[in-house]
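Here's the structure we're looking at; comments come further down.
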There are 2 protein chains.
Amino acid sequence: MNKEIKQKITRNWFKLLQDVICKDIQKLENNKIKFVSKTWNRNKLKDEGGGEFRILKNGKVFDQVGVNFSEVYGKFPKKIKNKVPGTSKSSNFWASGISVVMHMKNPNIPAIHFNTRFIYTSFGWFGGGMDITPCIKDNKEKKILHNELKKMCNRHNKNYYKKYKKWCDEYFYLPHRKEPRGIGGIFFDYKKDNWEKDFKFVSDLGITFKLIFNLLINRKNKKKWTTKEKELQYIKRGRYVEFNLLYDRGTKFGLQTGGNIDAILMSLPPTAKWN
Amino acid sequence: MNKEIKQKITRNWFKLLQDVICKDIQKLENNKIKFVSKTWNRNKLKDEGGGEFRILKNGKVFDQVGVNFSEVYGKFPKKIKNKVPGTSKSSNFWASGISVVMHMKNPNIPAIHFNTRFIYTSFGWFGGGMDITPCIKDNKEKKILHNELKKMCNRHNKNYYKKYKKWCDEYFYLPHRKEPRGIGGIFFDYKKDNWEKDFKFVSDLGITFKLIFNLLINRKNKKKWTTKEKELQYIKRGRYVEFNLLYDRGTKFGLQTGGNIDAILMSLPPTAKWN
């Protein structure tokens, strides 16, 4: 299969997934509140791709949720070039991805993050993952998340879960506070074992994410919460902001490659507090 | 004058300034709300200095104000060593500083930032500045700030104001948004022309900061504001968070040298929003 076909299949899948996820989210909001969609181009003068980000705010379930799709291509700026694999001969790249960040109204429900991407320089690889950030401890919830992810991983390779769980724990960590961002999930990058198998794994993660967020939200959506718990959530969101601005590679990559600011910073919560 | 005396004079001045500033702030709050003070040590096992930070929250004038003093010494971690002047032969350092960040209740009054520091490796230099971040435009306020700073600078050197104003504009800038953090002020670093003169300049800046914040706060403290204006302030604070976590050298320096997390991140506003 040539690279154009791989790219097309992948970006079409990400685009489809964006639609499917948005539909689920609107259903959770009883279709009473709609996404606002914005398309953007990477370069106004020539075609270097762009994206569509969709955002829904002030719902009954979601304080804010963003569902981003992007497909960009062209040349890497010099600053980044040598930090990305496969760029020694050419700075040409192609990249497509979908990312979702959910900041919930109910502080009993964790913030949920999902992302998958396919990047092509002189070869292609997948990256992505999903993880959750609760502000109130819930061991059963943790079990549900990790069980579902483990089951999914095991459908593809018995080694994936352990490896990608560890990677997630190491990545989503705030060294200055010596604390994890949330309670983990899975994270992987530079995945280029076998395109068909990798694509299947990545698709399965998308479907599993859809299953998990519905599960986690419906489980506690009607649970009452106090203003004190809401404050805890705002403080936890402060940590989320610290991680994304101080450490997140995706954020830095986006800002340095001239991505759309609103799309990149969509991961930031609507409100955060520091205490 | 030997370095120990220079260091002692400077740290004593910063400590005195901390007291004087806190007194002014409490007076603005009619002494109805007190600072909470916390002292910290850089190293629990041996003496490497530390600091005292004071924070006042939920006042009638201030949403939050932090007044930090620190005096730290020891050896630079390898990561940083070669990024700091005067460290080619030894990684020993001594540093003392005072920093103040005011986040106001009234959105008509800008966030106000002030910092001065003296760092000694194989030689010593001063750095610092003050600048303000309004969320509502006020040309008269801008004039007052810059006039006072210009007058102060001119007492020391006719070239300082222009040079340090430019430095401030360049430093407090968000490249990803192509927008300045606020409306400037002055900023300087690596100042080591003549210790006595430099110290006089730095002391004068401290006194001028005291004058300016009282002036700016009293000017509009009784001015009415709307919830819409408060929202504007929260959004502007989001930019403040972006700058401090993405770009601020002081924040990175602090996090990498094992400074106190709460003291370093005291500059973050109590509440920030993204839209």
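We name chains A, B, ... following the order of the structure tokens; residues begin at 1 in each chain, and ligands are numbered from 1 as shown.
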
Kindly determine which residues of chain A lie within 6 Å of chain B, considering only C-alpha atoms, and give the answer as a PyMOL selection string.
-> chain A and resi 245-246+270-274

Write out, as a PDB file, in the first residue's frame, the residues just selected, with all heavy atoms.
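File produced: selection33.pdb:
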```pdb
ATOM      1  N   LEU A 245       1.061  23.446  29.584  1.00  0.00           N
ATOM      2  CA  LEU A 245       1.906  24.558  29.150  1.00  0.00           C
ATOM      3  C   LEU A 245       3.385  24.320  29.453  1.00  0.00           C
ATOM      4  O   LEU A 245       4.261  24.755  28.698  1.00  0.00           O
ATOM      5  CB  LEU A 245       1.427  25.871  29.768  1.00  0.00           C
ATOM      6  CG  LEU A 245       0.011  26.310  29.357  1.00  0.00           C
ATOM      7  CD1 LEU A 245      -0.350  27.627  30.027  1.00  0.00           C
ATOM      8  CD2 LEU A 245      -0.138  26.464  27.846  1.00  0.00           C
ATOM      9  N   LEU A 246       3.680  23.623  30.550  1.00  0.00           N
ATOM     10  CA  LEU A 246       5.094  23.410  30.894  1.00  0.00           C
ATOM     11  C   LEU A 246       5.713  22.224  30.152  1.00  0.00           C
ATOM     12  O   LEU A 246       6.879  22.265  29.784  1.00  0.00           O
ATOM     13  CB  LEU A 246       5.261  23.177  32.396  1.00  0.00           C
ATOM     14  CG  LEU A 246       5.143  24.371  33.349  1.00  0.00           C
ATOM     15  CD1 LEU A 246       5.117  23.880  34.798  1.00  0.00           C
ATOM     16  CD2 LEU A 246       6.292  25.365  33.160  1.00  0.00           C
ATOM     17  N   PRO A 270     -11.945  25.646  30.809  1.00  0.00           N
ATOM     18  CA  PRO A 270     -12.570  26.970  30.766  1.00  0.00           C
ATOM     19  C   PRO A 270     -12.201  27.801  31.996  1.00  0.00           C
ATOM     20  O   PRO A 270     -12.011  29.001  31.892  1.00  0.00           O
ATOM     21  CB  PRO A 270     -14.060  26.672  30.718  1.00  0.00           C
ATOM     22  CG  PRO A 270     -14.212  25.274  31.202  1.00  0.00           C
ATOM     23  CD  PRO A 270     -12.951  24.559  30.856  1.00  0.00           C
ATOM     24  N   THR A 271     -12.087  27.145  33.143  1.00  0.00           N
ATOM     25  CA  THR A 271     -11.734  27.842  34.389  1.00  0.00           C
ATOM     26  C   THR A 271     -10.748  26.990  35.176  1.00  0.00           C
ATOM     27  O   THR A 271     -10.934  25.791  35.301  1.00  0.00           O
ATOM     28  CB  THR A 271     -12.980  28.058  35.281  1.00  0.00           C
ATOM     29  OG1 THR A 271     -13.980  28.723  34.516  1.00  0.00           O
ATOM     30  CG2 THR A 271     -12.658  28.882  36.511  1.00  0.00           C
ATOM     31  N   ALA A 272      -9.697  27.635  35.681  1.00  0.00           N
ATOM     32  CA  ALA A 272      -8.741  26.919  36.532  1.00  0.00           C
ATOM     33  C   ALA A 272      -8.421  27.796  37.723  1.00  0.00           C
ATOM     34  O   ALA A 272      -8.504  29.018  37.632  1.00  0.00           O
ATOM     35  CB  ALA A 272      -7.468  26.612  35.754  1.00  0.00           C
ATOM     36  N   LYS A 273      -8.084  27.165  38.834  1.00  0.00           N
ATOM     37  CA  LYS A 273      -7.739  27.945  40.022  1.00  0.00           C
ATOM     38  C   LYS A 273      -6.434  27.443  40.639  1.00  0.00           C
ATOM     39  O   LYS A 273      -6.059  26.288  40.466  1.00  0.00           O
ATOM     40  CB  LYS A 273      -8.874  27.877  41.058  1.00  0.00           C
ATOM     41  CG  LYS A 273     -10.164  28.512  40.570  1.00  0.00           C
ATOM     42  CD  LYS A 273     -11.159  28.687  41.694  1.00  0.00           C
ATOM     43  CE  LYS A 273     -12.434  29.343  41.153  1.00  0.00           C
ATOM     44  NZ  LYS A 273     -13.394  29.641  42.221  1.00  0.00           N
ATOM     45  N   TRP A 274      -5.781  28.361  41.332  1.00  0.00           N
ATOM     46  CA  TRP A 274      -4.580  27.990  42.090  1.00  0.00           C
ATOM     47  C   TRP A 274      -4.812  28.389  43.532  1.00  0.00           C
ATOM     48  O   TRP A 274      -5.423  29.414  43.814  1.00  0.00           O
ATOM     49  CB  TRP A 274      -3.352  28.690  41.518  1.00  0.00           C
ATOM     50  CG  TRP A 274      -2.854  28.022  40.283  1.00  0.00           C
ATOM     51  CD1 TRP A 274      -1.896  27.042  40.218  1.00  0.00           C
ATOM     52  CD2 TRP A 274      -3.296  28.233  38.940  1.00  0.00           C
ATOM     53  NE1 TRP A 274      -1.730  26.645  38.906  1.00  0.00           N
ATOM     54  CE2 TRP A 274      -2.560  27.344  38.112  1.00  0.00           C
ATOM     55  CE3 TRP A 274      -4.242  29.070  38.349  1.00  0.00           C
ATOM     56  CZ2 TRP A 274      -2.746  27.287  36.732  1.00  0.00           C
ATOM     57  CZ3 TRP A 274      -4.434  29.013  36.980  1.00  0.00           C
ATOM     58  CH2 TRP A 274      -3.687  28.128  36.187  1.00  0.00           C
TER      59      TRP A 274
END
```

Tell me, as a PyMOL selection string, which residues lie within 6 Å of segment 116-129 of chain B, counting only C-alpha atoms; anything in the same chain fewer than 6 positions away does not count.
-> chain B and resi 86+93-98+186-192

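Our summary of the geometry notes that atom CA of Val101 of chain A is positioned 27.8 Å from atom CA of Cys135 of chain B.
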
Distance in Å - atom CA of Lys3 of chain B versus atom CA of Gly50 of chain B =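 Answer for the atom CA of Lys3 of chain B to atom CA of Gly50 of chain B separation: 19.3 Å.
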
Write out as JSON, numbers by chain the residues lying within 12 Å of Phe213 of chain A, counting only C-alpha atoms and excluding same-chain residues fewer than 3 positions away.
-> {"A": [21, 24, 25, 28, 61, 62, 100, 101, 102, 103, 104, 109, 110, 111, 112, 113, 114, 130, 131, 132, 141, 144, 145, 148, 149, 205, 206, 207, 208, 209, 210, 216, 217, 218, 219, 220, 221]}

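In this comparison, which uses only C-alpha atoms, the residue of B:Asn82, B:Thr251, B:Gln7, B:Asn58 approaching Phe35 of chain B most closely is B:Asn58.
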
Backbone DSSP call of helix (DSSP H, G or I) for segment 45-195 of chain B, listed as JSON, numbers by chain = {"B": [78, 79, 80, 81, 139, 140, 141, 142, 143, 144, 145, 146, 147, 148, 149, 150, 151, 152, 153, 154, 160, 161, 162, 163, 164, 165, 166, 167, 168, 169, 170, 171, 195]}

Residues of segment 119-204 of chain A in strand (DSSP E or B), written as a PDB file with all heavy atoms, in the first residue's frame:
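Generated output (part_27.pdb):
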```
ATOM      1  N   ILE A 119       1.824  10.410  11.579  1.00  0.00           N
ATOM      2  CA  ILE A 119       2.776  11.392  11.066  1.00  0.00           C
ATOM      3  C   ILE A 119       3.643  10.719  10.015  1.00  0.00           C
ATOM      4  O   ILE A 119       4.080   9.576  10.196  1.00  0.00           O
ATOM      5  CB  ILE A 119       3.641  11.966  12.214  1.00  0.00           C
ATOM      6  CG1 ILE A 119       2.732  12.652  13.249  1.00  0.00           C
ATOM      7  CG2 ILE A 119       4.678  12.955  11.682  1.00  0.00           C
ATOM      8  CD1 ILE A 119       3.442  13.253  14.431  1.00  0.00           C
ATOM      9  N   TYR A 120       3.887  11.424   8.926  1.00  0.00           N
ATOM     10  CA  TYR A 120       4.697  10.856   7.852  1.00  0.00           C
ATOM     11  C   TYR A 120       5.822  11.819   7.482  1.00  0.00           C
ATOM     12  O   TYR A 120       5.571  12.966   7.122  1.00  0.00           O
ATOM     13  CB  TYR A 120       3.821  10.587   6.621  1.00  0.00           C
ATOM     14  CG  TYR A 120       4.246   9.338   5.886  1.00  0.00           C
ATOM     15  CD1 TYR A 120       3.510   8.159   5.981  1.00  0.00           C
ATOM     16  CD2 TYR A 120       5.409   9.323   5.108  1.00  0.00           C
ATOM     17  CE1 TYR A 120       3.901   6.999   5.319  1.00  0.00           C
ATOM     18  CE2 TYR A 120       5.809   8.166   4.452  1.00  0.00           C
ATOM     19  CZ  TYR A 120       5.059   7.013   4.556  1.00  0.00           C
ATOM     20  OH  TYR A 120       5.456   5.868   3.913  1.00  0.00           O
ATOM     21  N   GLY A 124       6.274   6.579   8.087  1.00  0.00           N
ATOM     22  CA  GLY A 124       5.113   7.004   8.883  1.00  0.00           C
ATOM     23  C   GLY A 124       5.013   6.262  10.199  1.00  0.00           C
ATOM     24  O   GLY A 124       5.477   5.131  10.322  1.00  0.00           O
ATOM     25  N   TRP A 125       4.429   6.916  11.200  1.00  0.00           N
ATOM     26  CA  TRP A 125       4.185   6.246  12.479  1.00  0.00           C
ATOM     27  C   TRP A 125       2.950   6.825  13.148  1.00  0.00           C
ATOM     28  O   TRP A 125       2.553   7.954  12.891  1.00  0.00           O
ATOM     29  CB  TRP A 125       5.411   6.359  13.404  1.00  0.00           C
ATOM     30  CG  TRP A 125       5.665   7.759  13.877  1.00  0.00           C
ATOM     31  CD1 TRP A 125       5.164   8.358  14.994  1.00  0.00           C
ATOM     32  CD2 TRP A 125       6.483   8.742  13.233  1.00  0.00           C
ATOM     33  NE1 TRP A 125       5.615   9.647  15.082  1.00  0.00           N
ATOM     34  CE2 TRP A 125       6.428   9.907  14.018  1.00  0.00           C
ATOM     35  CE3 TRP A 125       7.270   8.737  12.060  1.00  0.00           C
ATOM     36  CZ2 TRP A 125       7.120  11.079  13.671  1.00  0.00           C
ATOM     37  CZ3 TRP A 125       7.952   9.899  11.719  1.00  0.00           C
ATOM     38  CH2 TRP A 125       7.870  11.048  12.526  1.00  0.00           C
ATOM     39  N   PHE A 126       2.373   5.968  14.021  1.00  0.00           N
ATOM     40  CA  PHE A 126       1.211   6.395  14.802  1.00  0.00           C
ATOM     41  C   PHE A 126       1.632   6.785  16.223  1.00  0.00           C
ATOM     42  O   PHE A 126       2.648   6.301  16.738  1.00  0.00           O
ATOM     43  CB  PHE A 126       0.193   5.248  14.921  1.00  0.00           C
ATOM     44  CG  PHE A 126      -0.531   4.942  13.645  1.00  0.00           C
ATOM     45  CD1 PHE A 126      -0.109   3.905  12.806  1.00  0.00           C
ATOM     46  CD2 PHE A 126      -1.646   5.674  13.286  1.00  0.00           C
ATOM     47  CE1 PHE A 126      -0.793   3.613  11.629  1.00  0.00           C
ATOM     48  CE2 PHE A 126      -2.342   5.390  12.106  1.00  0.00           C
ATOM     49  CZ  PHE A 126      -1.903   4.361  11.277  1.00  0.00           C
ATOM     50  N   GLY A 127       0.839   7.627  16.826  1.00  0.00           N
ATOM     51  CA  GLY A 127       1.018   7.941  18.241  1.00  0.00           C
ATOM     52  C   GLY A 127      -0.347   8.246  18.823  1.00  0.00           C
ATOM     53  O   GLY A 127      -1.303   8.476  18.083  1.00  0.00           O
ATOM     54  N   GLY A 128      -0.428   8.252  20.147  1.00  0.00           N
ATOM     55  CA  GLY A 128      -1.699   8.613  20.754  1.00  0.00           C
ATOM     56  C   GLY A 128      -1.891   8.001  22.123  1.00  0.00           C
ATOM     57  O   GLY A 128      -0.932   7.582  22.769  1.00  0.00           O
ATOM     58  N   GLY A 129      -3.143   7.947  22.528  1.00  0.00           N
ATOM     59  CA  GLY A 129      -3.458   7.370  23.826  1.00  0.00           C
ATOM     60  C   GLY A 129      -4.722   7.965  24.399  1.00  0.00           C
ATOM     61  O   GLY A 129      -5.364   8.824  23.771  1.00  0.00           O
ATOM     62  N   MET A 130      -5.090   7.478  25.561  1.00  0.00           N
ATOM     63  CA  MET A 130      -6.175   8.127  26.292  1.00  0.00           C
ATOM     64  C   MET A 130      -5.891   8.007  27.788  1.00  0.00           C
ATOM     65  O   MET A 130      -5.262   7.051  28.243  1.00  0.00           O
ATOM     66  CB  MET A 130      -7.544   7.547  25.939  1.00  0.00           C
ATOM     67  CG  MET A 130      -7.942   6.254  26.586  1.00  0.00           C
ATOM     68  SD  MET A 130      -9.772   6.059  26.638  1.00  0.00           S
ATOM     69  CE  MET A 130     -10.253   7.239  27.911  1.00  0.00           C
ATOM     70  N   ASP A 131      -6.322   9.000  28.544  1.00  0.00           N
ATOM     71  CA  ASP A 131      -6.091   8.979  29.990  1.00  0.00           C
ATOM     72  C   ASP A 131      -7.134   9.856  30.659  1.00  0.00           C
ATOM     73  O   ASP A 131      -7.753  10.699  30.003  1.00  0.00           O
ATOM     74  CB  ASP A 131      -4.679   9.485  30.318  1.00  0.00           C
ATOM     75  CG  ASP A 131      -4.511  10.948  29.962  1.00  0.00           C
ATOM     76  OD1 ASP A 131      -4.373  11.252  28.772  1.00  0.00           O
ATOM     77  OD2 ASP A 131      -4.548  11.802  30.870  1.00  0.00           O
ATOM     78  N   ILE A 132      -7.312   9.651  31.931  1.00  0.00           N
ATOM     79  CA  ILE A 132      -8.317  10.431  32.648  1.00  0.00           C
ATOM     80  C   ILE A 132      -7.728  11.125  33.887  1.00  0.00           C
ATOM     81  O   ILE A 132      -6.741  10.669  34.445  1.00  0.00           O
ATOM     82  CB  ILE A 132      -9.555   9.583  33.046  1.00  0.00           C
ATOM     83  CG1 ILE A 132      -9.224   8.599  34.178  1.00  0.00           C
ATOM     84  CG2 ILE A 132     -10.113   8.827  31.841  1.00  0.00           C
ATOM     85  CD1 ILE A 132     -10.462   7.911  34.757  1.00  0.00           C
ATOM     86  N   THR A 133      -8.338  12.238  34.262  1.00  0.00           N
ATOM     87  CA  THR A 133      -7.854  13.044  35.387  1.00  0.00           C
ATOM     88  C   THR A 133      -9.000  13.348  36.342  1.00  0.00           C
ATOM     89  O   THR A 133      -9.714  14.340  36.175  1.00  0.00           O
ATOM     90  CB  THR A 133      -7.259  14.370  34.866  1.00  0.00           C
ATOM     91  OG1 THR A 133      -6.302  14.078  33.852  1.00  0.00           O
ATOM     92  CG2 THR A 133      -6.572  15.140  35.980  1.00  0.00           C
ATOM     93  N   TYR A 173       3.123  13.380  33.915  1.00  0.00           N
ATOM     94  CA  TYR A 173       3.693  13.525  35.250  1.00  0.00           C
ATOM     95  C   TYR A 173       4.219  14.946  35.425  1.00  0.00           C
ATOM     96  O   TYR A 173       4.808  15.506  34.502  1.00  0.00           O
ATOM     97  CB  TYR A 173       4.821  12.508  35.424  1.00  0.00           C
ATOM     98  CG  TYR A 173       5.399  12.494  36.818  1.00  0.00           C
ATOM     99  CD1 TYR A 173       4.712  11.888  37.860  1.00  0.00           C
ATOM    100  CD2 TYR A 173       6.627  13.096  37.087  1.00  0.00           C
ATOM    101  CE1 TYR A 173       5.235  11.889  39.148  1.00  0.00           C
ATOM    102  CE2 TYR A 173       7.153  13.102  38.372  1.00  0.00           C
ATOM    103  CZ  TYR A 173       6.453  12.492  39.397  1.00  0.00           C
ATOM    104  OH  TYR A 173       6.964  12.503  40.665  1.00  0.00           O
ATOM    105  N   LEU A 174       3.968  15.543  36.589  1.00  0.00           N
ATOM    106  CA  LEU A 174       4.441  16.907  36.876  1.00  0.00           C
ATOM    107  C   LEU A 174       5.652  16.832  37.803  1.00  0.00           C
ATOM    108  O   LEU A 174       5.488  16.774  39.027  1.00  0.00           O
ATOM    109  CB  LEU A 174       3.335  17.731  37.546  1.00  0.00           C
ATOM    110  CG  LEU A 174       2.163  18.213  36.679  1.00  0.00           C
ATOM    111  CD1 LEU A 174       1.170  17.103  36.391  1.00  0.00           C
ATOM    112  CD2 LEU A 174       1.457  19.385  37.333  1.00  0.00           C
ATOM    113  N   GLU A 179       3.976  14.812  41.197  1.00  0.00           N
ATOM    114  CA  GLU A 179       2.679  14.153  41.196  1.00  0.00           C
ATOM    115  C   GLU A 179       2.212  13.866  39.772  1.00  0.00           C
ATOM    116  O   GLU A 179       2.541  14.612  38.848  1.00  0.00           O
ATOM    117  CB  GLU A 179       1.626  14.980  41.973  1.00  0.00           C
ATOM    118  CG  GLU A 179       1.217  16.269  41.308  1.00  0.00           C
ATOM    119  CD  GLU A 179       0.227  17.117  42.143  1.00  0.00           C
ATOM    120  OE1 GLU A 179       0.375  17.184  43.374  1.00  0.00           O
ATOM    121  OE2 GLU A 179      -0.660  17.731  41.545  1.00  0.00           O
ATOM    122  N   PRO A 180       1.470  12.758  39.590  1.00  0.00           N
ATOM    123  CA  PRO A 180       0.930  12.449  38.264  1.00  0.00           C
ATOM    124  C   PRO A 180      -0.186  13.425  37.903  1.00  0.00           C
ATOM    125  O   PRO A 180      -0.824  13.986  38.798  1.00  0.00           O
ATOM    126  CB  PRO A 180       0.375  11.038  38.423  1.00  0.00           C
ATOM    127  CG  PRO A 180       0.134  10.874  39.881  1.00  0.00           C
ATOM    128  CD  PRO A 180       1.088  11.770  40.605  1.00  0.00           C
ATOM    129  N   GLY A 185      -3.755   5.710  31.960  1.00  0.00           N
ATOM    130  CA  GLY A 185      -4.454   5.199  30.805  1.00  0.00           C
ATOM    131  C   GLY A 185      -3.387   4.538  29.942  1.00  0.00           C
ATOM    132  O   GLY A 185      -2.532   3.821  30.477  1.00  0.00           O
ATOM    133  N   ILE A 186      -3.381   4.821  28.648  1.00  0.00           N
ATOM    134  CA  ILE A 186      -2.278   4.342  27.809  1.00  0.00           C
ATOM    135  C   ILE A 186      -1.754   5.472  26.935  1.00  0.00           C
ATOM    136  O   ILE A 186      -2.458   6.439  26.635  1.00  0.00           O
ATOM    137  CB  ILE A 186      -2.673   3.130  26.914  1.00  0.00           C
ATOM    138  CG1 ILE A 186      -3.813   3.505  25.953  1.00  0.00           C
ATOM    139  CG2 ILE A 186      -3.059   1.917  27.761  1.00  0.00           C
ATOM    140  CD1 ILE A 186      -4.033   2.474  24.854  1.00  0.00           C
ATOM    141  N   PHE A 187      -0.498   5.349  26.555  1.00  0.00           N
ATOM    142  CA  PHE A 187       0.170   6.334  25.713  1.00  0.00           C
ATOM    143  C   PHE A 187       1.209   5.608  24.878  1.00  0.00           C
ATOM    144  O   PHE A 187       1.903   4.729  25.383  1.00  0.00           O
ATOM    145  CB  PHE A 187       0.846   7.390  26.601  1.00  0.00           C
ATOM    146  CG  PHE A 187       1.562   8.487  25.840  1.00  0.00           C
ATOM    147  CD1 PHE A 187       0.886   9.629  25.448  1.00  0.00           C
ATOM    148  CD2 PHE A 187       2.917   8.363  25.523  1.00  0.00           C
ATOM    149  CE1 PHE A 187       1.544  10.643  24.749  1.00  0.00           C
ATOM    150  CE2 PHE A 187       3.578   9.379  24.820  1.00  0.00           C
ATOM    151  CZ  PHE A 187       2.887  10.517  24.440  1.00  0.00           C
ATOM    152  N   PHE A 188       1.291   5.946  23.593  1.00  0.00           N
ATOM    153  CA  PHE A 188       2.310   5.317  22.730  1.00  0.00           C
ATOM    154  C   PHE A 188       2.737   6.306  21.664  1.00  0.00           C
ATOM    155  O   PHE A 188       2.031   7.275  21.369  1.00  0.00           O
ATOM    156  CB  PHE A 188       1.765   4.035  22.090  1.00  0.00           C
ATOM    157  CG  PHE A 188       0.549   4.266  21.239  1.00  0.00           C
ATOM    158  CD1 PHE A 188       0.660   4.448  19.864  1.00  0.00           C
ATOM    159  CD2 PHE A 188      -0.717   4.322  21.814  1.00  0.00           C
ATOM    160  CE1 PHE A 188      -0.464   4.684  19.079  1.00  0.00           C
ATOM    161  CE2 PHE A 188      -1.841   4.556  21.034  1.00  0.00           C
ATOM    162  CZ  PHE A 188      -1.713   4.741  19.664  1.00  0.00           C
ATOM    163  N   ASP A 189       3.916   6.085  21.114  1.00  0.00           N
ATOM    164  CA  ASP A 189       4.408   6.976  20.064  1.00  0.00           C
ATOM    165  C   ASP A 189       5.383   6.201  19.168  1.00  0.00           C
ATOM    166  O   ASP A 189       5.830   5.115  19.535  1.00  0.00           O
ATOM    167  CB  ASP A 189       5.082   8.195  20.693  1.00  0.00           C
ATOM    168  CG  ASP A 189       5.007   9.424  19.757  1.00  0.00           C
ATOM    169  OD1 ASP A 189       4.555   9.283  18.607  1.00  0.00           O
ATOM    170  OD2 ASP A 189       5.397  10.519  20.199  1.00  0.00           O
ATOM    171  N   TYR A 190       5.702   6.778  18.025  1.00  0.00           N
ATOM    172  CA  TYR A 190       6.653   6.166  17.075  1.00  0.00           C
ATOM    173  C   TYR A 190       6.258   4.733  16.745  1.00  0.00           C
ATOM    174  O   TYR A 190       7.112   3.865  16.588  1.00  0.00           O
ATOM    175  CB  TYR A 190       8.075   6.218  17.648  1.00  0.00           C
ATOM    176  CG  TYR A 190       8.433   7.594  18.156  1.00  0.00           C
ATOM    177  CD1 TYR A 190       8.693   7.822  19.505  1.00  0.00           C
ATOM    178  CD2 TYR A 190       8.467   8.689  17.285  1.00  0.00           C
ATOM    179  CE1 TYR A 190       8.983   9.094  19.976  1.00  0.00           C
ATOM    180  CE2 TYR A 190       8.762   9.973  17.755  1.00  0.00           C
ATOM    181  CZ  TYR A 190       9.021  10.164  19.093  1.00  0.00           C
ATOM    182  OH  TYR A 190       9.315  11.417  19.563  1.00  0.00           O
ATOM    183  N   LYS A 191       4.968   4.470  16.628  1.00  0.00           N
ATOM    184  CA  LYS A 191       4.477   3.114  16.391  1.00  0.00           C
ATOM    185  C   LYS A 191       4.471   2.830  14.899  1.00  0.00           C
ATOM    186  O   LYS A 191       3.684   3.395  14.143  1.00  0.00           O
ATOM    187  CB  LYS A 191       3.067   2.981  16.972  1.00  0.00           C
ATOM    188  CG  LYS A 191       2.518   1.592  16.888  1.00  0.00           C
ATOM    189  CD  LYS A 191       1.455   1.360  17.935  1.00  0.00           C
ATOM    190  CE  LYS A 191       1.050  -0.108  17.942  1.00  0.00           C
ATOM    191  NZ  LYS A 191       2.208  -1.001  17.866  1.00  0.00           N
TER     192      LYS A 191
END
```

Non-local contacts of Asn43 of chain B (12 Å; only C-alpha atoms; under 3 positions in same chain excluded) as a list in words |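 Non-adjacent residues within range: Trp40, Lys46, Asp47, Glu48, Gly49, Gly50, Gly51, Val72, Tyr73, Gly74, Lys75, Thr257, Gly258, Gly259 and Asn260 of chain B.
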
Output file for the selection above: C-alpha atoms, as a PDB file, in the first residue's frame:
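Wrote it out as out-v3.pdb, contents follow:
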```pdb
ATOM      1  CA  TRP B  40      10.943  27.392  53.344  1.00  0.00           C
ATOM      2  CA  LYS B  46      22.151  21.267  54.750  1.00  0.00           C
ATOM      3  CA  ASP B  47      22.023  25.056  54.727  1.00  0.00           C
ATOM      4  CA  GLU B  48      21.421  26.279  51.184  1.00  0.00           C
ATOM      5  CA  GLY B  49      19.199  29.191  52.141  1.00  0.00           C
ATOM      6  CA  GLY B  50      15.503  29.528  51.494  1.00  0.00           C
ATOM      7  CA  GLY B  51      12.926  32.223  51.705  1.00  0.00           C
ATOM      8  CA  VAL B  72      19.547  30.875  48.229  1.00  0.00           C
ATOM      9  CA  TYR B  73      23.063  29.570  47.663  1.00  0.00           C
ATOM     10  CA  GLY B  74      24.980  26.413  46.927  1.00  0.00           C
ATOM     11  CA  LYS B  75      25.815  24.824  43.619  1.00  0.00           C
ATOM     12  CA  THR B 257      16.863  24.857  40.916  1.00  0.00           C
ATOM     13  CA  GLY B 258      14.502  23.196  43.348  1.00  0.00           C
ATOM     14  CA  GLY B 259      12.890  26.392  44.551  1.00  0.00           C
ATOM     15  CA  ASN B 260       9.693  26.272  46.565  1.00  0.00           C
TER      16      ASN B 260
END
```

What separation in Å, quoted to one decimal, exists between atom CA of Phe14 of chain A and atom CA of Leu211 of chain A?
->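 We find that atom CA of Phe14 of chain A and atom CA of Leu211 of chain A lie 16.3 Å from each other.
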
Near Glu52 of chain B, counting only C-alpha atoms, which residues have an atom at most 7 Å away, once you skip same-chain residues fewer than 2 positions from it, shown as a ChimeraX atom specification?
-> /B:37-40,54,68-70

Create the file for the chosen residues now, containing N, CA and C atoms and written as a CSV table (one decimal), in the first residue's frame.
```csv
chain,number,residue,atom,x,y,z
B,37,SER,N,2.1,33.9,56.1
B,37,SER,CA,3.5,33.8,55.8
B,37,SER,C,4.0,32.4,55.9
B,38,LYS,N,4.9,32.0,54.9
B,38,LYS,CA,5.5,30.7,55.0
B,38,LYS,C,7.0,30.8,54.7
B,39,THR,N,7.8,30.2,55.6
B,39,THR,CA,9.2,30.1,55.3
B,39,THR,C,9.6,28.7,54.8
B,40,TRP,N,10.6,28.7,53.9
B,40,TRP,CA,10.9,27.4,53.3
B,40,TRP,C,12.5,27.3,53.2
B,54,ARG,N,4.9,35.5,51.4
B,54,ARG,CA,3.7,36.0,52.1
B,54,ARG,C,2.6,36.2,51.1
B,68,ASN,N,7.2,37.8,47.8
B,68,ASN,CA,8.2,36.8,48.0
B,68,ASN,C,9.6,37.3,48.3
B,69,PHE,N,10.2,36.8,49.3
B,69,PHE,CA,11.7,37.1,49.5
B,69,PHE,C,12.4,35.8,49.5
B,70,SER,N,13.6,35.8,48.9
B,70,SER,CA,14.4,34.5,49.0
B,70,SER,C,15.9,34.9,49.0
```
